[in-house]
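Printed here is query_18.txt (compact mmCIF, C-alpha atoms and all ligand atoms):
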# COMPACT_ATOMS: atom_id res chain seq x y z
CA MET A 1 11.55 14.52 26.29
CA ALA A 2 10.26 13.69 22.82
CA PHE A 3 10.81 10.31 21.20
CA LYS A 4 13.08 10.83 18.22
CA HIS A 5 14.41 8.63 15.47
CA PRO A 6 17.56 7.05 16.85
CA ASN A 7 20.40 6.91 14.29
CA TRP A 8 20.74 3.18 14.65
CA LEU A 9 17.15 2.54 13.58
CA LEU A 10 17.52 2.22 9.82
CA PRO A 11 20.67 0.03 9.83
CA ALA A 12 19.05 -2.11 12.52
CA ILE A 13 15.86 -2.58 10.46
CA ILE A 14 17.96 -3.54 7.42
CA VAL A 15 19.90 -6.09 9.48
CA GLY A 16 16.63 -7.36 10.97
CA THR A 17 15.12 -7.89 7.51
CA LEU A 18 18.22 -9.65 6.15
CA LEU A 19 18.55 -11.88 9.21
CA GLY A 20 14.82 -12.65 8.95
CA ILE A 21 15.19 -13.73 5.31
CA ALA A 22 18.22 -15.89 6.16
CA ALA A 23 16.60 -17.48 9.22
CA GLY A 24 13.31 -18.22 7.43
CA TRP A 25 15.12 -19.56 4.38
CA PHE A 26 17.42 -21.96 6.28
CA PHE A 27 15.38 -22.93 9.34
CA GLY A 28 11.99 -23.10 7.59
CA PRO A 29 8.91 -23.87 9.72
CA GLN A 30 10.99 -23.86 12.92
CA MET A 31 10.89 -20.08 12.75
CA LEU A 32 7.15 -20.09 13.35
CA VAL A 33 7.79 -20.20 17.11
CA ILE A 34 9.13 -16.68 17.18
CA ASP A 35 6.21 -15.25 15.24
CA TRP A 36 3.78 -14.72 18.05
CA ILE A 37 6.42 -13.49 20.46
CA VAL A 38 7.54 -10.42 18.60
CA GLY A 39 6.17 -10.47 15.05
CA THR A 40 2.49 -10.42 15.89
CA LEU A 41 3.10 -8.10 18.81
CA PHE A 42 4.83 -5.57 16.57
CA LEU A 43 2.18 -5.92 13.87
CA ASN A 44 -0.58 -5.40 16.43
CA ALA A 45 1.16 -2.31 17.76
CA LEU A 46 1.22 -0.84 14.24
CA LYS A 47 -2.38 -1.78 13.56
CA MET A 48 -3.41 -0.29 16.88
CA ILE A 49 -2.22 3.12 15.65
CA VAL A 50 -3.83 3.01 12.19
CA ILE A 51 -7.42 4.03 12.94
CA PRO A 52 -6.61 6.98 15.26
CA LEU A 53 -3.89 8.05 12.83
CA VAL A 54 -6.24 8.04 9.82
CA LEU A 55 -8.89 9.83 11.83
CA PHE A 56 -6.71 12.57 13.31
CA SER A 57 -4.44 13.18 10.34
CA LEU A 58 -7.26 13.36 7.80
CA ILE A 59 -9.43 15.65 9.92
CA LEU A 60 -6.39 17.82 10.47
CA GLY A 61 -5.34 17.57 6.81
CA VAL A 62 -8.77 18.79 5.72
CA THR A 63 -9.02 21.64 8.23
CA ALA A 64 -5.46 22.74 7.42
CA LEU A 65 -6.51 23.35 3.83
CA GLY A 66 -8.44 26.33 5.16
CA SER A 67 -11.57 26.30 3.03
CA ILE A 68 -14.01 23.85 1.57
CA LYS A 69 -13.09 25.07 -1.91
CA GLU A 70 -9.44 24.21 -1.24
CA VAL A 71 -10.42 20.75 0.03
CA GLY A 72 -12.24 20.22 -3.26
CA SER A 73 -9.33 21.27 -5.45
CA THR A 74 -6.78 19.31 -3.37
CA GLY A 75 -9.06 16.31 -3.54
CA ILE A 76 -9.27 16.58 -7.30
CA ARG A 77 -5.49 16.97 -7.68
CA THR A 78 -4.94 13.97 -5.44
CA LEU A 79 -7.40 11.84 -7.39
CA ILE A 80 -5.84 12.88 -10.69
CA TYR A 81 -2.43 11.79 -9.39
CA PHE A 82 -3.85 8.48 -8.08
CA LEU A 83 -5.65 7.66 -11.32
CA ALA A 84 -2.80 8.74 -13.58
CA THR A 85 -0.13 6.69 -11.80
CA THR A 86 -2.38 3.67 -11.34
CA SER A 87 -3.30 3.68 -15.04
CA LEU A 88 0.37 4.02 -15.93
CA SER A 89 1.28 0.96 -13.90
CA VAL A 90 -1.62 -1.12 -15.26
CA GLY A 91 -0.62 -0.12 -18.79
CA LEU A 92 2.96 -1.14 -18.07
CA GLY A 93 1.82 -4.50 -16.70
CA LEU A 94 -0.36 -5.17 -19.75
CA ILE A 95 2.45 -4.36 -22.17
CA LEU A 96 4.90 -6.63 -20.33
CA VAL A 97 2.57 -9.60 -19.95
CA ASN A 98 1.51 -9.44 -23.62
CA TRP A 99 5.09 -9.14 -24.70
CA LEU A 100 6.71 -11.76 -22.44
CA GLN A 101 3.73 -14.16 -22.47
CA PRO A 102 4.68 -16.00 -19.25
CA GLY A 103 1.54 -18.17 -19.32
CA VAL A 104 2.00 -19.66 -22.77
CA GLY A 105 3.09 -23.29 -22.59
CA ILE A 106 2.27 -23.79 -18.91
CA THR A 107 0.25 -26.93 -18.44
CA LEU A 108 -2.57 -26.68 -15.99
CA GLN A 109 -2.80 -29.08 -13.11
CA THR A 110 -6.17 -30.71 -13.05
CA GLY A 111 -8.48 -30.45 -10.09
CA LEU A 112 -7.72 -26.84 -9.24
CA SER A 113 -10.50 -25.22 -7.31
CA ALA A 114 -11.25 -21.56 -6.80
CA PRO A 115 -10.21 -20.28 -3.38
CA ALA A 116 -13.10 -19.18 -1.19
CA THR A 117 -13.27 -15.41 -1.34
CA GLY A 118 -16.75 -14.74 0.00
CA PRO A 119 -19.41 -12.71 -1.75
CA LEU A 120 -17.92 -9.86 -3.74
CA SER A 121 -19.53 -7.57 -6.26
CA TRP A 122 -19.11 -4.00 -7.47
CA LYS A 123 -22.34 -3.08 -5.69
CA HIS A 124 -21.07 -4.57 -2.43
CA LEU A 125 -17.77 -2.71 -2.84
CA PHE A 126 -19.47 0.60 -3.57
CA LEU A 127 -21.92 0.34 -0.69
CA SER A 128 -19.13 -0.45 1.76
CA PHE A 129 -17.70 3.06 1.28
CA VAL A 130 -20.24 4.74 3.54
CA PRO A 131 -20.47 3.18 6.99
CA ALA A 132 -23.82 2.70 8.64
CA ASN A 133 -21.99 2.42 11.93
CA ILE A 134 -18.67 4.23 12.27
CA VAL A 135 -17.73 2.50 15.53
CA LYS A 136 -18.19 -0.90 13.91
CA ALA A 137 -16.10 0.20 10.92
CA MET A 138 -13.34 1.31 13.27
CA ALA A 139 -13.55 -1.83 15.36
CA GLU A 140 -13.22 -3.98 12.26
CA MET A 141 -10.37 -1.83 10.93
CA ASP A 142 -12.37 -1.08 7.85
CA VAL A 143 -10.31 1.88 6.71
CA LEU A 144 -12.23 3.19 3.69
CA PRO A 145 -15.42 4.05 5.62
CA VAL A 146 -13.27 5.66 8.32
CA ILE A 147 -11.65 7.80 5.60
CA ILE A 148 -15.04 8.92 4.32
CA PHE A 149 -16.16 9.74 7.86
CA SER A 150 -12.96 11.70 8.61
CA LEU A 151 -13.23 13.69 5.37
CA LEU A 152 -16.85 14.62 6.11
CA PHE A 153 -16.03 15.41 9.73
CA GLY A 154 -13.12 17.64 8.68
CA ILE A 155 -15.27 19.47 6.13
CA SER A 156 -17.99 20.02 8.73
CA LEU A 157 -15.44 21.31 11.22
CA LEU A 158 -14.18 23.73 8.58
CA ALA A 159 -17.73 24.91 8.03
CA LEU A 160 -17.88 25.98 11.69
CA GLY A 161 -15.18 28.56 10.97
CA GLU A 162 -13.74 30.40 14.01
CA ARG A 163 -15.93 28.49 16.40
CA GLY A 164 -14.31 25.20 15.33
CA LYS A 165 -10.71 26.38 16.02
CA PRO A 166 -10.45 25.01 19.61
CA LEU A 167 -11.36 21.54 18.37
CA VAL A 168 -8.77 21.81 15.58
CA LYS A 169 -6.16 22.59 18.27
CA ILE A 170 -7.20 19.45 20.13
CA PHE A 171 -6.84 17.36 16.96
CA GLU A 172 -3.38 18.87 16.45
CA LEU A 173 -2.36 17.69 19.90
CA LEU A 174 -3.90 14.26 19.37
CA ASN A 175 -2.06 13.94 16.07
CA ASP A 176 1.28 14.94 17.63
CA THR A 177 0.71 12.43 20.40
CA ILE A 178 0.07 9.64 17.90
CA ILE A 179 3.25 10.54 16.03
CA GLN A 180 5.19 10.22 19.29
CA LEU A 181 3.61 6.82 19.73
CA VAL A 182 4.75 5.85 16.22
CA HIS A 183 8.33 6.82 17.10
CA PHE A 184 8.15 4.71 20.22
CA VAL A 185 6.73 1.65 18.45
CA LEU A 186 9.33 2.03 15.69
CA CYS A 187 12.11 1.38 18.19
CA PHE A 188 10.92 -2.24 18.17
CA ALA A 189 10.84 -2.44 14.37
CA PRO A 190 14.20 -4.22 13.88
CA ILE A 191 13.20 -7.22 15.95
CA GLY A 192 9.60 -6.99 14.71
CA VAL A 193 10.51 -7.15 11.02
CA PHE A 194 13.00 -9.93 11.74
CA ALA A 195 10.29 -12.07 13.30
CA LEU A 196 7.64 -11.29 10.68
CA VAL A 197 9.90 -12.07 7.73
CA ALA A 198 11.45 -15.20 9.29
CA ALA A 199 8.04 -16.60 10.29
CA LYS A 200 6.45 -15.96 6.90
CA LEU A 201 9.29 -17.57 5.01
CA GLY A 202 9.26 -20.41 7.51
CA GLU A 203 5.51 -20.90 7.11
CA SER A 204 6.02 -21.30 3.39
CA GLY A 205 8.38 -24.19 3.99
CA GLY A 206 11.75 -22.42 3.93
CA GLY A 207 14.16 -21.80 1.07
CA PRO A 208 14.02 -25.02 -0.99
CA ALA A 209 10.20 -25.20 -0.91
CA ILE A 210 9.83 -21.54 -1.92
CA TRP A 211 12.33 -22.02 -4.70
CA MET A 212 10.38 -24.99 -6.08
CA GLU A 213 7.14 -22.97 -6.15
CA LEU A 214 8.83 -20.01 -7.73
CA LYS A 215 10.34 -22.16 -10.47
CA LYS A 216 6.93 -23.54 -11.44
CA ILE A 217 5.51 -20.15 -12.31
CA GLY A 218 8.77 -18.24 -12.44
CA GLY A 219 7.88 -16.47 -15.69
CA TYR A 220 4.78 -14.99 -14.11
CA ALA A 221 6.59 -13.93 -10.93
CA ALA A 222 9.42 -12.42 -13.00
CA THR A 223 6.94 -10.45 -15.14
CA VAL A 224 5.23 -9.00 -12.05
CA LEU A 225 8.59 -8.16 -10.44
CA LEU A 226 9.92 -6.58 -13.64
CA GLY A 227 6.79 -4.44 -13.96
CA LEU A 228 6.95 -3.39 -10.30
CA SER A 229 10.66 -2.51 -10.66
CA LEU A 230 10.10 -0.44 -13.79
CA HIS A 231 7.22 1.42 -12.20
CA GLY A 232 8.92 1.90 -8.82
CA LEU A 233 12.44 2.60 -9.97
CA VAL A 234 11.86 4.45 -13.26
CA ALA A 235 8.32 5.84 -13.65
CA LEU A 236 7.64 7.04 -10.09
CA PRO A 237 11.13 8.58 -9.57
CA LEU A 238 10.72 10.43 -12.89
CA ILE A 239 7.33 11.74 -11.77
CA LEU A 240 8.84 12.77 -8.43
CA PHE A 241 11.65 14.61 -10.18
CA LEU A 242 9.58 16.25 -12.89
CA PHE A 243 6.49 17.19 -10.92
CA ALA A 244 7.76 17.64 -7.37
CA ARG A 245 11.34 18.73 -8.16
CA ARG A 246 12.71 16.35 -5.56
CA ASN A 247 15.82 14.21 -5.74
CA PRO A 248 14.37 10.67 -6.09
CA PHE A 249 17.44 8.96 -4.60
CA VAL A 250 17.36 11.02 -1.43
CA TYR A 251 13.59 10.77 -1.17
CA LEU A 252 13.63 6.99 -1.60
CA TYR A 253 16.50 6.56 0.85
CA ARG A 254 14.55 8.48 3.46
CA MET A 255 11.59 6.17 2.86
CA SER A 256 13.66 3.05 3.66
CA GLU A 257 12.03 2.30 7.01
CA ALA A 258 8.57 2.47 5.44
CA MET A 259 9.68 0.28 2.51
CA LEU A 260 11.06 -2.40 4.81
CA THR A 261 7.97 -2.26 7.01
CA ALA A 262 5.80 -2.66 3.89
CA PHE A 263 7.88 -5.68 2.90
CA SER A 264 7.63 -7.31 6.30
CA THR A 265 3.93 -6.60 6.99
CA ALA A 266 2.53 -6.83 3.41
CA SER A 267 0.01 -4.21 4.47
CA SER A 268 -0.16 -0.56 3.35
CA SER A 269 -2.48 0.22 6.24
CA ALA A 270 -0.23 -1.28 8.91
CA THR A 271 2.69 0.59 7.31
CA LEU A 272 0.81 3.92 7.29
CA PRO A 273 2.22 5.17 10.62
CA VAL A 274 5.77 4.60 9.36
CA THR A 275 4.97 6.07 5.91
CA MET A 276 3.61 9.24 7.50
CA ASP A 277 6.65 9.50 9.70
CA CYS A 278 9.15 9.06 6.83
CA VAL A 279 7.30 11.47 4.51
CA GLU A 280 6.78 14.20 7.11
CA THR A 281 9.70 13.93 9.49
CA LYS A 282 12.41 12.75 7.12
CA ASN A 283 11.34 14.11 3.74
CA ASN A 284 9.86 17.32 5.13
CA VAL A 285 6.59 17.17 3.24
CA SER A 286 4.06 19.40 5.00
CA ASN A 287 1.52 17.74 7.22
CA ARG A 288 -1.23 19.40 5.22
CA SER A 289 -0.31 17.49 2.10
CA ALA A 290 0.91 14.26 3.74
CA GLY A 291 -1.99 14.22 6.21
CA PHE A 292 -4.40 14.35 3.32
CA VAL A 293 -2.74 12.22 0.64
CA LEU A 294 -1.21 9.38 2.67
CA PRO A 295 -4.22 8.07 4.63
CA LEU A 296 -6.27 8.21 1.43
CA GLY A 297 -3.50 6.66 -0.64
CA ALA A 298 -2.97 3.73 1.72
CA THR A 299 -6.36 2.32 0.76
CA VAL A 300 -7.19 3.99 -2.54
CA ASN A 301 -3.91 4.29 -4.42
CA MET A 302 -2.30 0.93 -5.14
CA ASP A 303 -0.10 1.03 -8.21
CA GLY A 304 1.58 -2.26 -7.40
CA THR A 305 -1.69 -4.10 -6.82
CA ALA A 306 -3.22 -2.76 -10.04
CA LEU A 307 -0.20 -3.85 -12.08
CA TYR A 308 -0.20 -7.29 -10.52
CA GLU A 309 -3.96 -7.79 -11.12
CA ALA A 310 -3.60 -6.97 -14.81
CA VAL A 311 -0.58 -9.26 -15.25
CA ALA A 312 -2.23 -12.09 -13.31
CA ALA A 313 -5.49 -11.91 -15.28
CA ILE A 314 -3.75 -12.10 -18.65
CA PHE A 315 -1.40 -14.80 -17.32
CA ILE A 316 -4.40 -16.91 -16.31
CA ALA A 317 -5.95 -16.39 -19.76
CA GLN A 318 -2.68 -17.47 -21.39
CA THR A 319 -2.46 -20.68 -19.35
CA TYR A 320 -6.01 -21.57 -20.41
CA GLY A 321 -5.14 -20.77 -24.01
CA ILE A 322 -7.80 -18.03 -24.12
CA GLU A 323 -7.01 -15.20 -26.49
CA MET A 324 -7.88 -11.79 -25.00
CA THR A 325 -9.23 -9.28 -27.51
CA LEU A 326 -8.36 -5.61 -27.37
CA THR A 327 -11.76 -4.80 -25.86
CA GLN A 328 -11.23 -7.45 -23.18
CA GLN A 329 -7.79 -6.03 -22.43
CA LEU A 330 -9.41 -2.62 -22.06
CA ILE A 331 -11.92 -4.09 -19.63
CA ILE A 332 -9.03 -5.62 -17.67
CA PHE A 333 -7.34 -2.21 -17.69
CA LEU A 334 -10.41 -0.56 -16.18
CA THR A 335 -11.38 -3.28 -13.74
CA ALA A 336 -7.81 -3.78 -12.47
CA THR A 337 -7.66 -0.05 -11.72
CA LEU A 338 -11.01 -0.13 -9.91
CA ALA A 339 -10.25 -3.40 -8.11
CA SER A 340 -7.01 -1.91 -6.75
CA ILE A 341 -8.94 1.12 -5.50
CA GLY A 342 -11.42 -1.16 -3.76
CA ALA A 343 -8.76 -3.42 -2.21
CA PRO A 344 -8.10 -2.66 1.46
CA GLY A 345 -4.45 -2.21 2.48
CA ILE A 346 -4.15 -5.63 4.08
CA PRO A 347 -2.17 -8.74 3.12
CA GLN A 348 -3.31 -10.41 -0.12
CA ALA A 349 -6.35 -8.19 -0.54
CA GLY A 350 -5.46 -7.85 -4.22
CA LEU A 351 -5.90 -11.57 -4.69
CA VAL A 352 -9.47 -11.28 -3.44
CA THR A 353 -10.51 -8.27 -5.51
CA MET A 354 -9.00 -9.94 -8.58
CA VAL A 355 -12.13 -12.08 -8.66
CA LEU A 356 -13.89 -8.98 -10.02
CA VAL A 357 -11.39 -8.60 -12.84
CA LEU A 358 -11.65 -12.25 -13.86
CA LYS A 359 -15.45 -12.16 -13.69
CA ALA A 360 -15.59 -9.03 -15.86
CA VAL A 361 -13.93 -10.81 -18.79
CA GLY A 362 -15.33 -14.26 -18.08
CA LEU A 363 -12.07 -15.95 -17.09
CA PRO A 364 -12.26 -19.06 -14.86
CA LEU A 365 -11.89 -18.16 -11.19
CA GLU A 366 -10.05 -21.44 -10.61
CA GLY A 367 -7.12 -19.77 -12.33
CA ILE A 368 -6.42 -17.95 -9.08
CA ALA A 369 -5.34 -21.24 -7.53
CA LEU A 370 -2.48 -21.26 -10.01
CA ILE A 371 -0.87 -18.12 -8.64
CA LEU A 372 -1.81 -18.67 -5.03
CA THR A 373 1.41 -20.33 -3.94
CA VAL A 374 3.68 -17.38 -4.66
CA ASP A 375 1.16 -14.67 -3.89
CA TRP A 376 2.31 -14.04 -0.32
CA LEU A 377 5.78 -13.23 -1.68
CA LEU A 378 4.69 -11.02 -4.59
CA ASP A 379 2.31 -9.28 -2.18
CA ARG A 380 5.29 -7.94 -0.24
CA PHE A 381 6.84 -6.37 -3.31
CA ARG A 382 3.60 -4.85 -4.58
CA THR A 383 2.88 -3.42 -1.12
CA MET A 384 6.27 -1.68 -1.25
CA ILE A 385 5.31 -0.09 -4.58
CA ASN A 386 1.88 0.87 -3.21
CA VAL A 387 3.51 2.70 -0.31
CA TRP A 388 6.14 4.29 -2.56
CA GLY A 389 3.42 5.56 -4.91
CA ASP A 390 1.63 7.25 -1.98
CA ALA A 391 4.84 8.84 -0.74
CA VAL A 392 5.59 10.26 -4.20
CA GLY A 393 1.99 11.50 -4.39
CA ALA A 394 2.34 13.46 -1.14
CA ALA A 395 5.32 15.37 -2.58
CA VAL A 396 3.65 15.94 -5.97
CA VAL A 397 0.39 17.22 -4.49
CA GLU A 398 2.29 19.50 -2.11
CA ARG A 399 4.14 21.08 -5.00
CA TYR A 400 0.89 21.92 -6.76
CA LEU A 401 -0.46 23.75 -3.73
CA PRO A 402 1.94 26.70 -3.76
CA HIS A 403 0.62 28.35 -0.64
CA LEU A 404 1.22 25.13 1.31
CA GLN A 405 4.92 24.93 0.66
CA SER A 406 6.03 27.16 3.48
CA SER A 407 3.75 25.59 6.05
CA LYS A 408 5.02 22.79 8.14
N1 LIG A 501 -1.12 -6.08 0.50
C1 LIG A 501 -1.39 -4.97 -0.35
C2 LIG A 501 -1.34 -3.68 0.43
O1 LIG A 501 -1.62 -3.67 1.60
C3 LIG A 501 -2.70 -5.09 -1.07
C4 LIG A 501 -2.65 -6.25 -2.02
O2 LIG A 501 -2.23 -6.05 -3.17
O3 LIG A 501 -2.97 -7.36 -1.66
O4 LIG A 501 -1.03 -2.66 -0.12
Represent the supplied structure as structure tokens.
Amino acid sequence: MAFKHPNWLLPAIIVGTLLGIAAGWFFGPQMLVIDWIVGTLFLNALKMIVIPLVLFSLILGVTALGSIKEVGSTGIRTLIYFLATTSLSVGLGLILVNWLQPGVGITLQTGLSAPATGPLSWKHLFLSFVPANIVKAMAEMDVLPVIIFSLLFGISLLALGERGKPLVKIFELLNDTIIQLVHFVLCFAPIGVFALVAAKLGESGGGPAIWMELKKIGGYAATVLLGLSLHGLVALPLILFLFARRNPFVYLYRMSEAMLTAFSTASSSATLPVTMDCVETKNNVSNRSAGFVLPLGATVNMDGTALYEAVAAIFIAQTYGIEMTLTQQLIIFLTATLASIGAPGIPQAGLVTMVLVLKAVGLPLEGIALILTVDWLLDRFRTMINVWGDAVGAAVVERYLPHLQSSK
């Protein structure tokens, strides 16, 4: 008997999310008690699946492409999609923040200090791509090095040709087993998302406290949310329709479970099992495309994060009364794109890599403290857009690999 999606799952997750918002809003910190019982347990169960899922699905995704040449051209198509959509969203963010100017007229509190983010540099980021120790990378849930390892492993397996086929069969079985595990864990999603959302809202002090924080820098939050909405509800659906010939409403509806999981976990990586399931099982995108694009996208392709980093950097400049020249805006454009690529798919990673953007144009790092209070909330929305961008990418890339369309 295979675990299948029960029909009640989606409505139950929606109810769970709404009840979680209501409970966290009204009962505030009291909701923290339920966090460890089910919230953390559910989150851990998702995280537990991520590394094997990335490993198996990427190795399989690469071998399914059939030849090293095909891996190269699929890789290039995928990267073109990632870079094009990320640049689009950063551009959108820059236009909105320059136009709406949410930071102008905001008086800075004195005594702000930069949050501790640890050592971070482009060199450090670049070197972290290739793991010296793959077991350590896996143990620390460092997804990017695991991706690199899986890609290289898959390519090497392909190079073995016929002799490698039995191992490919084993990876197919392992992958199917993991997908069954995802279905099983998903049965606990309604109660899991309820607990995660309620506890997070509760931790932030409940409704009135959140409202106060939001009001203080409401213009900034509204600009980020407007940008994310335009990108997620207009740009990406158009791309999906034009380049993948898919109905965006149906496609988005079938992604609902992944969207709500992204909202409740604020982590693209933790959501990956659900994203893969929605894209493959519900939206019928072939495993060859989804298995390749989605694990990569969960860490590399973050449209929402890139948009938010650009808006936040200019917002900080505006509050300090620093005029950003066109060249500086261009630098922000480039660094926000790169910083989103370097950000791991975990909660508030974007806030950390934003240090690189601010440093690149010489903005004060203390400015981050200004946006810190609402970041946990905006993080949830940008994670949803990150996941949505990956899902659209899987359909677009599939369409441009004609010989893949019939394979499932
Ligand atoms: N939480 C985001 C994600 O996992 C990353 C970020 O923007 O902080 O996609």
Within 8 Å of stretch 207-219 of chain A, counting all atoms listed in the file, which residues show up once you throw out same-chain ones fewer than 5 positions away? Write them as a list in words, please.
Gly24, Trp25, Phe26, Gly28, Pro102, Gly103, Leu201, Ile371, Thr373 and Val374 of chain A
Please produce a file of those selected residues containing C-alpha atoms, as a tab-separated table (two decimals), keeping the file's coordinate frame.
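And here is the file that came out, part.tsv:
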chain	number	residue	atom	x	y	z
A	24	GLY	CA	13.31	-18.22	7.43
A	25	TRP	CA	15.12	-19.56	4.38
A	26	PHE	CA	17.42	-21.96	6.28
A	28	GLY	CA	11.99	-23.10	7.59
A	102	PRO	CA	4.68	-16.00	-19.25
A	103	GLY	CA	1.54	-18.17	-19.32
A	201	LEU	CA	9.29	-17.57	5.01
A	371	ILE	CA	-0.87	-18.12	-8.64
A	373	THR	CA	1.41	-20.33	-3.94
A	374	VAL	CA	3.68	-17.38	-4.66
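The smallest atom-to-atom distance between ligand LIG 501 (chain A) and any of A:Val293, A:Leu236, A:Val224, A:Cys278, using all atoms listed in the file, is found for A:Val224.
When all atoms listed in the file are used to measure the gap to A:Ala22, the shortest distance among A:Gly291, A:Gly297, A:Gly93, A:Gly202 belongs to A:Gly202.
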Give me, as a Markdown table, the closest atom pair and its distance (Å, one decimal) for every residue of stretch 331-381 of chain A within a cut-off of 12 Å of stretch 184-199 of chain A, counting only C-alpha atoms, rows sorted by chain and rising number.
| residue | atom | partner | partner_atom | distance |
| --- | --- | --- | --- | --- |
| A:Trp376 | CA | A:Val197 | CA | 11.2 |
| A:Leu377 | CA | A:Val197 | CA | 10.3 |
| A:Arg380 | CA | A:Val197 | CA | 10.1 |
As a quick test: using all atoms listed in the file, which residues lie no more than 6 Å away from ligand LIG 501 (chain A)? Give them as a PyMOL selection string.
chain A and resi 266-268+305+345-351+379+383+386
Where does stretch 205-231 of chain A meet stretch 309-319 of chain A within 9 Å, residue by residue, with the nearest atom pair and distance in Å to one decimal for each, counting all atoms listed in the file, listed by chain and rising number, as CSV?
residue,atom,partner,partner_atom,distance
A:Tyr220,CA,A:Phe315,CA,7.0
A:Thr223,CA,A:Val311,CA,7.6
A:Val224,CA,A:Val311,CA,6.6
A:Gly227,CA,A:Val311,CA,8.9
Near stretch 127-141 of chain A, 12 Å: stretch 199-313 of chain A residue rows, closest pairs, all atoms listed in the file, as CSV:
residue,atom,partner,partner_atom,distance
A:Ser269,CA,A:Met141,CA,9.4
A:Ala270,CA,A:Met141,CA,10.4
A:Thr299,CA,A:Phe129,CA,11.4
A:Val300,CA,A:Phe129,CA,11.2
Give as a ChimeraX atom specification each residue that has an atom at most 10 Å from (-0.5, -0.5, 14.0) in the file, counting all atoms listed in the file.
/A:41-53,182,185,269-274
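Comparing the minimum interatomic distances between A:Gly154 and each of A:Met276, A:Val54, A:Leu330, A:Val397, counting all atoms listed in the file, we find that A:Val54 sits nearest.
Interatomic distance, atom CA of A:Phe249 against atom CA of A:Arg399: 18.0 Å.
Nearest-residue note for A:Val392: choosing from A:Gly342, A:Leu240, A:Thr275, A:Glu323, the minimum distance belongs to A:Leu240, counting all atoms listed in the file.
Of the listed residues (A:Ile147, A:Met302, A:Ile68, A:Val234), A:Met302 comes nearest to A:Gly393; the distances count only C-alpha atoms.
Each of A:Pro248, A:Gly367, A:Gly39, A:Gly61 was checked against A:Ser150 using all atoms listed in the file; the smallest atom-to-atom distance is that of A:Gly61.
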